$ cat model-v1.cif   # mmCIF, C-alpha atoms (C1' of nucleotides)
data_entry
loop_
_atom_site.group_PDB
_atom_site.id
_atom_site.type_symbol
_atom_site.label_atom_id
_atom_site.label_comp_id
_atom_site.auth_asym_id
_atom_site.auth_seq_id
_atom_site.Cartn_x
_atom_site.Cartn_y
_atom_site.Cartn_z
ATOM 1 C CA MET U 510 13.768 17.088 -16.482
ATOM 2 C CA ASN U 511 17.009 16.705 -18.350
ATOM 3 C CA LEU U 512 17.532 18.251 -21.738
ATOM 4 C CA TYR U 513 20.016 16.926 -24.252
ATOM 5 C CA CYS U 514 21.410 18.331 -27.461
ATOM 6 C CA LEU U 515 19.712 16.362 -30.221
ATOM 7 C CA ASN U 516 22.330 17.002 -32.899
ATOM 8 C CA PRO U 517 24.144 13.645 -33.265
ATOM 9 C CA ILE U 518 27.337 15.369 -34.352
ATOM 10 C CA CYS U 519 27.180 18.261 -31.906
ATOM 11 C CA PRO U 520 30.859 19.091 -31.315
ATOM 12 C CA ASP U 521 30.345 19.918 -27.669
ATOM 13 C CA VAL U 522 28.652 16.606 -27.052
ATOM 14 C CA LEU U 523 31.378 14.703 -28.882
ATOM 15 C CA LYS U 524 34.119 16.505 -26.983
ATOM 16 C CA ALA U 525 32.325 15.902 -23.704
ATOM 17 C CA LYS U 526 32.242 12.193 -24.480
ATOM 18 C CA LEU U 527 35.960 12.217 -25.203
ATOM 19 C CA GLU U 528 36.655 14.007 -21.947
ATOM 20 C CA TYR U 529 34.458 11.579 -20.112
ATOM 21 C CA TRP U 530 36.344 8.680 -21.700
ATOM 22 C CA VAL U 531 39.668 9.780 -20.176
ATOM 23 C CA SER U 532 38.132 10.941 -16.894
ATOM 24 C CA LYS U 533 39.015 9.540 -13.529
ATOM 25 C CA GLU U 534 35.833 7.561 -13.132
ATOM 26 C CA ALA U 535 36.007 6.057 -16.619
ATOM 27 C CA MET U 536 39.293 5.043 -18.290
ATOM 28 C CA ASP U 537 41.356 7.313 -16.055
ATOM 29 C CA ILE U 538 43.917 8.428 -18.636
ATOM 30 C CA ASP U 539 45.512 11.132 -16.584
ATOM 31 C CA SER U 540 47.938 12.580 -19.118
ATOM 32 C CA ILE U 541 45.162 13.584 -21.504
ATOM 33 C CA GLY U 542 42.852 16.431 -20.651
ATOM 34 C CA PRO U 543 40.565 19.033 -22.195
ATOM 35 C CA SER U 544 43.223 21.053 -24.019
ATOM 36 C CA VAL U 545 44.754 18.018 -25.716
ATOM 37 C CA ILE U 546 41.281 16.798 -26.640
ATOM 38 C CA GLU U 547 40.358 20.202 -28.026
ATOM 39 C CA LYS U 548 43.371 20.132 -30.343
ATOM 40 C CA LEU U 549 42.952 16.505 -31.351
ATOM 41 C CA TYR U 550 39.361 17.263 -32.218
ATOM 42 C CA LYS U 551 40.169 20.423 -34.131
ATOM 43 C CA LEU U 552 42.784 18.630 -36.223
ATOM 44 C CA GLU U 553 40.243 15.851 -36.828
ATOM 45 C CA LEU U 554 42.611 13.310 -35.381
ATOM 46 C CA VAL U 555 40.041 12.197 -32.815
ATOM 47 C CA LYS U 556 36.274 12.313 -33.282
ATOM 48 C CA ALA U 557 35.321 9.345 -31.114
ATOM 49 C CA PRO U 558 37.047 7.392 -28.336
ATOM 50 C CA ILE U 559 38.211 4.654 -30.697
ATOM 51 C CA ASP U 560 40.407 7.218 -32.447
ATOM 52 C CA PHE U 561 42.563 7.662 -29.335
ATOM 53 C CA TYR U 562 43.844 4.162 -29.958
ATOM 54 C CA LYS U 563 44.961 4.900 -33.495
ATOM 55 C CA LEU U 564 47.237 7.807 -32.587
ATOM 56 C CA SER U 565 51.014 7.659 -32.805
ATOM 57 C CA ILE U 566 53.555 9.514 -30.684
ATOM 58 C CA LEU U 567 54.161 11.780 -33.657
ATOM 59 C CA ASP U 568 50.483 12.712 -33.751
ATOM 60 C CA PHE U 569 50.753 14.082 -30.214
ATOM 61 C CA MET U 570 53.848 16.078 -31.168
ATOM 62 C CA ARG U 571 51.945 17.590 -34.076
ATOM 63 C CA LEU U 572 49.678 19.338 -31.570
ATOM 64 C CA ASP U 573 52.438 21.761 -30.606
ATOM 65 C CA LEU U 574 51.548 21.253 -26.977
ATOM 66 C CA VAL U 575 54.232 18.870 -25.841
ATOM 67 C CA LYS U 576 57.593 17.457 -26.795
ATOM 68 C CA GLU U 577 58.622 13.881 -27.212
ATOM 69 C CA LYS U 578 58.668 12.889 -23.572
ATOM 70 C CA SER U 579 55.098 13.948 -22.806
ATOM 71 C CA ALA U 580 53.903 12.711 -26.158
ATOM 72 C CA THR U 581 55.333 9.307 -25.300
ATOM 73 C CA ASN U 582 53.626 9.384 -21.919
ATOM 74 C CA MET U 583 50.284 10.097 -23.544
ATOM 75 C CA PHE U 584 50.757 7.357 -26.086
ATOM 76 C CA ASN U 585 51.719 4.844 -23.399
ATOM 77 C CA ALA U 586 48.844 5.831 -21.138
ATOM 78 C CA ILE U 587 46.437 5.157 -23.966
ATOM 79 C CA GLN U 588 47.956 1.770 -24.735
ATOM 80 C CA GLU U 589 47.852 0.796 -21.066
ATOM 81 C CA SER U 590 44.198 1.723 -20.813
ATOM 82 C CA LYS U 591 43.387 -1.253 -23.024
ATOM 83 C CA SER U 592 43.876 -3.483 -19.998
ATOM 84 C CA LYS U 593 41.609 -1.630 -17.603
ATOM 85 C CA PRO U 594 38.758 -3.580 -15.994
ATOM 86 C CA LEU U 595 35.630 -4.075 -18.087
ATOM 87 C CA SER U 596 33.605 -1.948 -15.659
ATOM 88 C CA ARG U 597 35.680 1.098 -16.591
ATOM 89 C CA PHE U 598 35.152 0.456 -20.278
ATOM 90 C CA ILE U 599 31.407 0.132 -19.779
ATOM 91 C CA THR U 600 31.392 3.370 -17.795
ATOM 92 C CA ALA U 601 33.386 5.123 -20.509
ATOM 93 C CA LEU U 602 30.918 4.194 -23.246
ATOM 94 C CA SER U 603 28.590 7.038 -22.179
ATOM 95 C CA ILE U 604 25.469 4.913 -22.201
ATOM 96 C CA ARG U 605 22.757 7.105 -20.755
ATOM 97 C CA ASN U 606 22.309 6.600 -17.012
ATOM 98 C CA VAL U 607 25.119 4.070 -16.864
ATOM 99 C CA GLY U 608 27.913 5.547 -14.793
ATOM 100 C CA LYS U 609 30.569 4.066 -12.570
ATOM 101 C CA GLU U 610 28.298 2.446 -10.013
ATOM 102 C CA THR U 611 25.868 0.957 -12.498
ATOM 103 C CA ALA U 612 28.743 -0.284 -14.639
ATOM 104 C CA GLU U 613 30.245 -2.076 -11.659
ATOM 105 C CA LEU U 614 26.898 -3.576 -10.797
ATOM 106 C CA LEU U 615 26.480 -4.765 -14.378
ATOM 107 C CA THR U 616 29.935 -6.304 -14.725
ATOM 108 C CA SER U 617 29.433 -8.293 -11.559
ATOM 109 C CA GLU U 618 26.560 -10.029 -13.373
ATOM 110 C CA LEU U 619 27.998 -9.805 -16.880
ATOM 111 C CA PRO U 620 31.754 -10.380 -16.556
ATOM 112 C CA THR U 621 32.650 -10.280 -20.254
ATOM 113 C CA LEU U 622 31.877 -8.050 -23.203
ATOM 114 C CA GLU U 623 30.250 -11.054 -24.871
ATOM 115 C CA ASP U 624 27.850 -11.263 -21.936
ATOM 116 C CA PHE U 625 26.772 -7.702 -22.622
ATOM 117 C CA LYS U 626 26.224 -8.415 -26.300
ATOM 118 C CA ASN U 627 24.201 -11.523 -25.519
ATOM 119 C CA ALA U 628 22.161 -10.222 -22.588
ATOM 120 C CA THR U 629 18.404 -10.283 -23.155
ATOM 121 C CA LEU U 630 16.165 -7.489 -21.932
ATOM 122 C CA GLU U 631 14.718 -9.877 -19.401
ATOM 123 C CA LYS U 632 18.140 -10.765 -18.042
ATOM 124 C CA LEU U 633 19.028 -7.084 -17.677
ATOM 125 C CA ILE U 634 15.790 -6.126 -15.962
ATOM 126 C CA ASN U 635 16.217 -8.961 -13.501
ATOM 127 C CA ILE U 636 19.475 -7.546 -12.214
ATOM 128 C CA ASP U 637 18.808 -5.895 -8.850
ATOM 129 C CA GLY U 638 19.094 -2.156 -9.210
ATOM 130 C CA ILE U 639 18.477 -2.137 -12.951
ATOM 131 C CA GLY U 640 15.028 -1.060 -14.080
ATOM 132 C CA ASP U 641 13.404 -0.826 -17.461
ATOM 133 C CA LYS U 642 15.033 2.454 -18.493
ATOM 134 C CA ILE U 643 18.616 1.374 -17.992
ATOM 135 C CA ALA U 644 17.881 -2.140 -19.257
ATOM 136 C CA ASN U 645 16.548 -0.643 -22.481
ATOM 137 C CA ASN U 646 19.493 1.725 -22.829
ATOM 138 C CA ILE U 647 21.945 -1.143 -22.465
ATOM 139 C CA TYR U 648 20.013 -3.451 -24.749
ATOM 140 C CA GLU U 649 19.741 -0.841 -27.469
ATOM 141 C CA PHE U 650 23.387 0.101 -27.201
ATOM 142 C CA PHE U 651 24.493 -3.502 -27.705
ATOM 143 C CA HIS U 652 22.092 -4.064 -30.571
ATOM 144 C CA ASN U 653 23.080 -1.010 -32.557
ATOM 145 C CA GLU U 654 24.998 -1.949 -35.686
ATOM 146 C CA HIS U 655 27.402 0.965 -35.502
ATOM 147 C CA ASN U 656 28.145 0.320 -31.839
ATOM 148 C CA LEU U 657 28.805 -3.363 -32.450
ATOM 149 C CA GLN U 658 31.190 -2.484 -35.229
ATOM 150 C CA THR U 659 33.063 -0.106 -32.957
ATOM 151 C CA LEU U 660 33.211 -2.724 -30.208
ATOM 152 C CA ASN U 661 34.779 -5.156 -32.630
ATOM 153 C CA GLU U 662 37.344 -2.524 -33.499
ATOM 154 C CA PHE U 663 38.197 -2.065 -29.837
ATOM 155 C CA GLU U 664 38.767 -5.773 -29.534
ATOM 156 C CA GLU U 665 40.902 -5.850 -32.645
ATOM 157 C CA LEU U 666 42.993 -3.015 -31.229
ATOM 158 C CA GLY U 667 43.939 -5.253 -28.328
ATOM 159 C CA PHE U 668 41.517 -4.505 -25.506
ATOM 160 C CA ASN U 669 41.655 -7.348 -23.046
ATOM 161 C CA PHE U 670 39.943 -6.080 -19.858
ATOM 162 C CA LYS U 671 42.215 -7.300 -17.102
ATOM 163 C CA ASN U 672 40.130 -7.550 -13.994
ATOM 164 C CA SER U 673 41.746 -6.235 -10.879
ATOM 165 C CA SER U 674 43.028 -9.059 -8.692
ATOM 166 C CA ALA U 675 40.439 -9.703 -6.049
ATOM 167 C CA LEU U 676 42.150 -9.173 -2.728
ATOM 168 C CA GLN U 677 40.839 -10.955 0.321
ATOM 169 C CA LYS U 678 37.800 -9.197 1.712
ATOM 170 C CA THR U 679 36.732 -9.179 5.345
ATOM 171 C CA ASP U 680 33.345 -8.504 6.910
ATOM 172 C CA GLU U 681 34.128 -6.238 9.843
ATOM 173 C CA LEU U 682 32.097 -3.408 8.350
ATOM 174 C CA ALA U 683 29.307 -5.540 6.905
ATOM 175 C CA GLY U 684 25.969 -3.727 6.889
ATOM 176 C CA LYS U 685 27.568 -0.331 7.463
ATOM 177 C CA THR U 686 27.179 2.491 4.974
ATOM 178 C CA PHE U 687 29.697 5.322 4.898
ATOM 179 C CA VAL U 688 29.619 8.709 3.279
ATOM 180 C CA LEU U 689 32.889 10.559 2.781
ATOM 181 C CA THR U 690 33.005 14.323 2.738
ATOM 182 C CA GLY U 691 35.851 16.820 2.773
ATOM 183 C CA THR U 692 39.546 16.088 2.299
ATOM 184 C CA LEU U 693 41.402 13.479 4.304
ATOM 185 C CA GLN U 694 45.056 14.024 5.152
ATOM 186 C CA SER U 695 46.328 10.462 5.128
ATOM 187 C CA MET U 696 44.645 9.147 1.995
ATOM 188 C CA THR U 697 42.384 10.106 -0.877
ATOM 189 C CA ARG U 698 38.655 9.541 -0.735
ATOM 190 C CA ASP U 699 38.995 6.762 -3.281
ATOM 191 C CA GLU U 700 41.527 5.008 -1.106
ATOM 192 C CA ALA U 701 39.284 5.359 1.915
ATOM 193 C CA SER U 702 36.382 4.042 -0.120
ATOM 194 C CA ASP U 703 38.418 1.022 -1.254
ATOM 195 C CA LYS U 704 39.412 0.292 2.328
ATOM 196 C CA ILE U 705 35.783 0.381 3.450
ATOM 197 C CA LYS U 706 34.744 -1.954 0.659
ATOM 198 C CA MET U 707 37.620 -4.303 1.459
ATOM 199 C CA MET U 708 36.264 -4.569 4.982
ATOM 200 C CA GLY U 709 32.778 -5.385 3.764
ATOM 201 C CA GLY U 710 31.241 -1.936 4.155
ATOM 202 C CA LYS U 711 29.469 0.182 1.572
ATOM 203 C CA THR U 712 30.008 3.736 0.525
ATOM 204 C CA SER U 713 27.413 6.095 -0.799
ATOM 205 C CA SER U 714 27.527 9.584 -2.190
ATOM 206 C CA SER U 715 24.573 10.982 -0.329
ATOM 207 C CA VAL U 716 23.635 11.135 3.335
ATOM 208 C CA SER U 717 20.322 9.682 4.449
ATOM 209 C CA LYS U 718 18.921 8.099 7.552
ATOM 210 C CA LYS U 719 20.320 4.833 6.208
ATOM 211 C CA THR U 720 23.846 6.182 6.486
ATOM 212 C CA SER U 721 25.782 4.587 9.369
ATOM 213 C CA PHE U 722 28.689 7.034 9.476
ATOM 214 C CA VAL U 723 29.749 10.241 7.813
ATOM 215 C CA ILE U 724 33.506 10.670 7.679
ATOM 216 C CA ALA U 725 34.286 14.363 7.751
ATOM 217 C CA GLY U 726 37.634 15.570 6.456
ATOM 218 C CA GLU U 727 38.893 19.128 6.014
ATOM 219 C CA ASN U 728 36.423 21.580 4.527
ATOM 220 C CA ALA U 729 33.540 19.163 4.783
ATOM 221 C CA GLY U 730 30.530 20.478 2.907
ATOM 222 C CA SER U 731 26.782 20.172 3.018
ATOM 223 C CA LYS U 732 26.885 16.458 3.704
ATOM 224 C CA LEU U 733 28.148 17.266 7.168
ATOM 225 C CA ASP U 734 25.189 19.572 7.775
ATOM 226 C CA LYS U 735 22.788 16.923 6.616
ATOM 227 C CA ALA U 736 24.402 14.344 8.877
ATOM 228 C CA GLN U 737 23.923 16.694 11.826
ATOM 229 C CA ASP U 738 20.281 17.251 10.882
ATOM 230 C CA LEU U 739 19.619 13.526 10.700
ATOM 231 C CA GLY U 740 21.662 12.660 13.767
ATOM 232 C CA VAL U 741 24.024 10.427 11.796
ATOM 233 C CA ILE U 742 27.257 9.558 13.578
ATOM 234 C CA ILE U 743 30.097 11.767 12.366
ATOM 235 C CA LEU U 744 33.674 10.525 12.473
ATOM 236 C CA ASN U 745 36.782 12.622 12.079
ATOM 237 C CA GLU U 746 39.776 11.219 10.231
ATOM 238 C CA ASP U 747 41.468 9.814 13.329
ATOM 239 C CA GLU U 748 38.324 8.059 14.455
ATOM 240 C CA PHE U 749 37.902 6.566 11.008
ATOM 241 C CA LEU U 750 41.512 5.391 10.891
ATOM 242 C CA SER U 751 41.085 3.682 14.251
ATOM 243 C CA MET U 752 37.911 2.026 13.090
ATOM 244 C CA VAL U 753 39.612 0.496 10.070
ATOM 245 C CA GLY U 754 42.707 -0.431 12.042
ATOM 246 C CA LEU U 755 45.102 2.014 10.444
ATOM 247 C CA LYS U 756 45.938 3.847 13.628
ATOM 248 C "C1'" DT L 104 -6.151 -10.548 -5.151
ATOM 249 C "C1'" DA L 105 -3.786 -9.307 -9.192
ATOM 250 C "C1'" DA L 106 -2.880 -5.486 -11.942
ATOM 251 C "C1'" DC L 107 -2.076 -0.834 -12.149
ATOM 252 C "C1'" DC L 108 -0.940 3.795 -10.532
ATOM 253 C "C1'" DT L 109 1.430 7.478 -7.997
ATOM 254 C "C1'" DC L 110 4.637 9.066 -4.948
ATOM 255 C "C1'" DG L 111 8.593 9.595 -1.764
ATOM 256 C "C1'" DA L 112 13.052 8.107 -0.368
ATOM 257 C "C1'" DG L 113 17.421 6.854 -1.535
ATOM 258 C "C1'" DA L 114 21.210 6.686 -4.773
ATOM 259 C "C1'" DT L 115 23.364 7.806 -8.896
ATOM 260 C "C1'" DC L 116 24.413 10.336 -13.206
ATOM 261 C "C1'" DC L 117 27.513 13.574 -15.664
ATOM 262 C "C1'" DC G 475 17.058 6.328 -12.127
ATOM 263 C "C1'" DT G 476 14.984 2.251 -9.078
ATOM 264 C "C1'" DC G 477 12.186 0.437 -5.782
ATOM 265 C "C1'" DG G 478 8.644 -0.390 -2.682
ATOM 266 C "C1'" DA G 479 4.623 1.295 0.024
ATOM 267 C "C1'" DG G 480 0.024 2.229 -0.150
ATOM 268 C "C1'" DG G 481 -4.128 3.291 -2.563
ATOM 269 C "C1'" DT G 482 -7.438 2.235 -6.325
ATOM 270 C "C1'" DT G 483 -9.595 -0.628 -9.599
ATOM 271 C "C1'" DA G 484 -11.963 -4.487 -11.524
#
$ encode --input "model-v1.cif" --output "structure tokens"
Amino acid sequence: MNLYCLNPICPDVLKAKLEYWVSKEAMDIDSIGPSVIEKLYKLELVKAPIDFYKLSILDFMRLDLVKEKSATNMFNAIQESKSKPLSRFITALSIRNVGKETAELLTSELPTLEDFKNATLEKLINIDGIGDKIANNIYEFFHNEHNLQTLNEFEELGFNFKNSSALQKTDELAGKTFVLTGTLQSMTRDEASDKIKMMGGKTSSSVSKKTSFVIAGENAGSKLDKAQDLGVIILNEDEFLSMVGLK
DNA sequence: TAACCTCGAGATCC
DNA sequence: CTCGAGGTTA
């Protein structure tokens, strides 16, 4: 069972949400990390994600962490994040049990923020992969007065949710599920994952008997052991690159 | 047979 | 968490 801090203004929870907002799987604002957030929070410049978007370059310089150049980078990174895909924004909201994968699933059915606000419980529950828990979490989030007010503020601050241009997909890997483990030399795991999806395959984060292939990079961990236990086909980097036509 | 329950497997969350 | 299989109930 999971335990959560029940204090609604618990500083550690608030800071964790801010860190999650900028994290790679959410808004991916690389130039801002835990130490900047710690200072912004301490100076009461940022208490919630919306506050990031009200900061000036001078505010960053006030932190005594960086000079003008880095401060400008941080400011720009925040402004640019306003055009990230809606799925990233939904992920970043920290709705319980709604992470990257669920957010992507949701935005494929609900392409605009309005769709989220208007979605009925029934509509949410009828989305494949969404059950009553997540449906309720989403519904409640988008029917909470404070949340709606904040969402309006985001929109007023210029969020426009550019969706990534849909490149042409193929179906060579249709029906195949891949699990990546370890470090690849020629690309990151995200890049490999994108390539697999572009070719119609799926990626998963855990190995099971439904896994078609495990791609093992350097220092592969327990997923490799599990693949061996289950007799799942294991590919090294070269074999994977050949399979996807990159070598 | 529909409604309800529990449980395991698979996948994801943070 | 979600889902579906399989058992139980009425």
$ residues_near_point --input "model-v1.cif" --point "(33.7, -2.0, -34.9)" --cutoff "12 Å" --atoms "only C-alpha atoms (C1' of nucleotides)" --output "number ranges by chain"
U: 558-560, 651, 653-666
$ atom_distance --input "model-v1.cif" --atom1 "atom CA of Gln737 of chain U" --atom2 "atom CA of Gly754 of chain U"
25.4 Å
$ residues_near_point --input "model-v1.cif" --point "(12.3, 0.1, -3.2)" --cutoff "12 Å" --atoms "all atoms listed in the file" --output "compact mmCIF listing (two decimals) with C-alpha atoms (C1' of nucleotides), keeping the file's coordinate frame"
# COMPACT_ATOMS: atom_id res chain seq x y z
CA ASP U 637 18.81 -5.90 -8.85
CA GLY U 638 19.09 -2.16 -9.21
CA ILE U 639 18.48 -2.14 -12.95
CA GLY U 640 15.03 -1.06 -14.08
C1' DC L 110 4.64 9.07 -4.95
C1' DG L 111 8.59 9.60 -1.76
C1' DA L 112 13.05 8.11 -0.37
C1' DG L 113 17.42 6.85 -1.54
C1' DA L 114 21.21 6.69 -4.77
C1' DC G 475 17.06 6.33 -12.13
C1' DT G 476 14.98 2.25 -9.08
C1' DC G 477 12.19 0.44 -5.78
C1' DG G 478 8.64 -0.39 -2.68
C1' DA G 479 4.62 1.30 0.02
$ atom_distance --input "model-v1.cif" --atom1 "atom CA of Val545 of chain U" --atom2 "atom CA of Leu574 of chain U"
7.6 Å
$ interface_residues --input "model-v1.cif" --of "chain U" --to "chain G" --cutoff "12 Å" --atoms "all atoms listed in the file" --output "list in words"
Arg605, Asn606, Val607, Gly608, Thr611, Ile634, Ile636, Asp637, Gly638, Ile639, Gly640, Asp641, Lys642, Ile643, Ala644 and Asn646 of chain U
$ build_atoms --input "model-v1.cif" --residues "segment 666-692 of chain U" --atoms "N, CA and C atoms" --output "PDB file, in the coordinates of the input"
ATOM      1  N   LEU U 666      41.873  -3.874 -31.625  1.00  0.00           N
ATOM      2  CA  LEU U 666      42.993  -3.015 -31.229  1.00  0.00           C
ATOM      3  C   LEU U 666      43.687  -3.509 -29.965  1.00  0.00           C
ATOM      4  N   GLY U 667      43.214  -4.632 -29.430  1.00  0.00           N
ATOM      5  CA  GLY U 667      43.939  -5.253 -28.328  1.00  0.00           C
ATOM      6  C   GLY U 667      43.374  -5.031 -26.942  1.00  0.00           C
ATOM      7  N   PHE U 668      42.122  -4.626 -26.838  1.00  0.00           N
ATOM      8  CA  PHE U 668      41.517  -4.505 -25.506  1.00  0.00           C
ATOM      9  C   PHE U 668      41.362  -5.897 -24.893  1.00  0.00           C
ATOM     10  N   ASN U 669      41.784  -6.025 -23.660  1.00  0.00           N
ATOM     11  CA  ASN U 669      41.655  -7.348 -23.046  1.00  0.00           C
ATOM     12  C   ASN U 669      41.074  -7.344 -21.633  1.00  0.00           C
ATOM     13  N   PHE U 670      40.703  -6.163 -21.109  1.00  0.00           N
ATOM     14  CA  PHE U 670      39.943  -6.080 -19.858  1.00  0.00           C
ATOM     15  C   PHE U 670      40.472  -6.950 -18.729  1.00  0.00           C
ATOM     16  N   LYS U 671      41.664  -6.617 -18.278  1.00  0.00           N
ATOM     17  CA  LYS U 671      42.215  -7.300 -17.102  1.00  0.00           C
ATOM     18  C   LYS U 671      41.381  -6.921 -15.896  1.00  0.00           C
ATOM     19  N   ASN U 672      40.873  -7.913 -15.184  1.00  0.00           N
ATOM     20  CA  ASN U 672      40.130  -7.550 -13.994  1.00  0.00           C
ATOM     21  C   ASN U 672      41.063  -7.491 -12.799  1.00  0.00           C
ATOM     22  N   SER U 673      40.859  -6.449 -12.014  1.00  0.00           N
ATOM     23  CA  SER U 673      41.746  -6.235 -10.879  1.00  0.00           C
ATOM     24  C   SER U 673      41.734  -7.462  -9.973  1.00  0.00           C
ATOM     25  N   SER U 674      42.917  -7.873  -9.540  1.00  0.00           N
ATOM     26  CA  SER U 674      43.028  -9.059  -8.692  1.00  0.00           C
ATOM     27  C   SER U 674      42.189  -8.866  -7.448  1.00  0.00           C
ATOM     28  N   ALA U 675      41.319  -9.809  -7.202  1.00  0.00           N
ATOM     29  CA  ALA U 675      40.439  -9.703  -6.049  1.00  0.00           C
ATOM     30  C   ALA U 675      41.207 -10.005  -4.768  1.00  0.00           C
ATOM     31  N   LEU U 676      41.483  -8.977  -4.006  1.00  0.00           N
ATOM     32  CA  LEU U 676      42.150  -9.173  -2.728  1.00  0.00           C
ATOM     33  C   LEU U 676      41.150  -9.744  -1.734  1.00  0.00           C
ATOM     34  N   GLN U 677      41.694 -10.331  -0.675  1.00  0.00           N
ATOM     35  CA  GLN U 677      40.839 -10.955   0.321  1.00  0.00           C
ATOM     36  C   GLN U 677      39.986  -9.928   1.066  1.00  0.00           C
ATOM     37  N   LYS U 678      38.694 -10.104   0.998  1.00  0.00           N
ATOM     38  CA  LYS U 678      37.800  -9.197   1.712  1.00  0.00           C
ATOM     39  C   LYS U 678      37.516  -9.725   3.114  1.00  0.00           C
ATOM     40  N   THR U 679      37.160  -8.779   4.003  1.00  0.00           N
ATOM     41  CA  THR U 679      36.732  -9.179   5.345  1.00  0.00           C
ATOM     42  C   THR U 679      35.303  -8.671   5.548  1.00  0.00           C
ATOM     43  N   ASP U 680      34.738  -8.937   6.713  1.00  0.00           N
ATOM     44  CA  ASP U 680      33.345  -8.504   6.910  1.00  0.00           C
ATOM     45  C   ASP U 680      33.140  -7.653   8.156  1.00  0.00           C
ATOM     46  N   GLU U 681      34.236  -7.056   8.626  1.00  0.00           N
ATOM     47  CA  GLU U 681      34.128  -6.238   9.843  1.00  0.00           C
ATOM     48  C   GLU U 681      33.131  -5.095   9.710  1.00  0.00           C
ATOM     49  N   LEU U 682      32.990  -4.557   8.528  1.00  0.00           N
ATOM     50  CA  LEU U 682      32.097  -3.408   8.350  1.00  0.00           C
ATOM     51  C   LEU U 682      30.810  -3.785   7.624  1.00  0.00           C
ATOM     52  N   ALA U 683      30.511  -5.089   7.616  1.00  0.00           N
ATOM     53  CA  ALA U 683      29.307  -5.540   6.905  1.00  0.00           C
ATOM     54  C   ALA U 683      28.070  -4.818   7.425  1.00  0.00           C
ATOM     55  N   GLY U 684      27.215  -4.382   6.504  1.00  0.00           N
ATOM     56  CA  GLY U 684      25.969  -3.727   6.889  1.00  0.00           C
ATOM     57  C   GLY U 684      26.112  -2.253   7.223  1.00  0.00           C
ATOM     58  N   LYS U 685      27.353  -1.754   7.156  1.00  0.00           N
ATOM     59  CA  LYS U 685      27.568  -0.331   7.463  1.00  0.00           C
ATOM     60  C   LYS U 685      27.715   0.468   6.166  1.00  0.00           C
ATOM     61  N   THR U 686      27.071   1.608   6.135  1.00  0.00           N
ATOM     62  CA  THR U 686      27.179   2.491   4.974  1.00  0.00           C
ATOM     63  C   THR U 686      27.873   3.777   5.368  1.00  0.00           C
ATOM     64  N   PHE U 687      28.890   4.131   4.610  1.00  0.00           N
ATOM     65  CA  PHE U 687      29.697   5.322   4.898  1.00  0.00           C
ATOM     66  C   PHE U 687      29.511   6.370   3.820  1.00  0.00           C
ATOM     67  N   VAL U 688      29.572   7.607   4.249  1.00  0.00           N
ATOM     68  CA  VAL U 688      29.619   8.709   3.279  1.00  0.00           C
ATOM     69  C   VAL U 688      30.852   9.540   3.610  1.00  0.00           C
ATOM     70  N   LEU U 689      31.666   9.777   2.591  1.00  0.00           N
ATOM     71  CA  LEU U 689      32.889  10.559   2.781  1.00  0.00           C
ATOM     72  C   LEU U 689      32.646  11.999   2.357  1.00  0.00           C
ATOM     73  N   THR U 690      33.111  12.921   3.147  1.00  0.00           N
ATOM     74  CA  THR U 690      33.005  14.323   2.738  1.00  0.00           C
ATOM     75  C   THR U 690      34.256  15.067   3.195  1.00  0.00           C
ATOM     76  N   GLY U 691      34.641  16.078   2.443  1.00  0.00           N
ATOM     77  CA  GLY U 691      35.851  16.820   2.773  1.00  0.00           C
ATOM     78  C   GLY U 691      37.111  16.067   2.365  1.00  0.00           C
ATOM     79  N   THR U 692      38.248  16.654   2.707  1.00  0.00           N
ATOM     80  CA  THR U 692      39.546  16.088   2.299  1.00  0.00           C
ATOM     81  C   THR U 692      40.239  15.425   3.472  1.00  0.00           C
TER      82      THR U 692
END
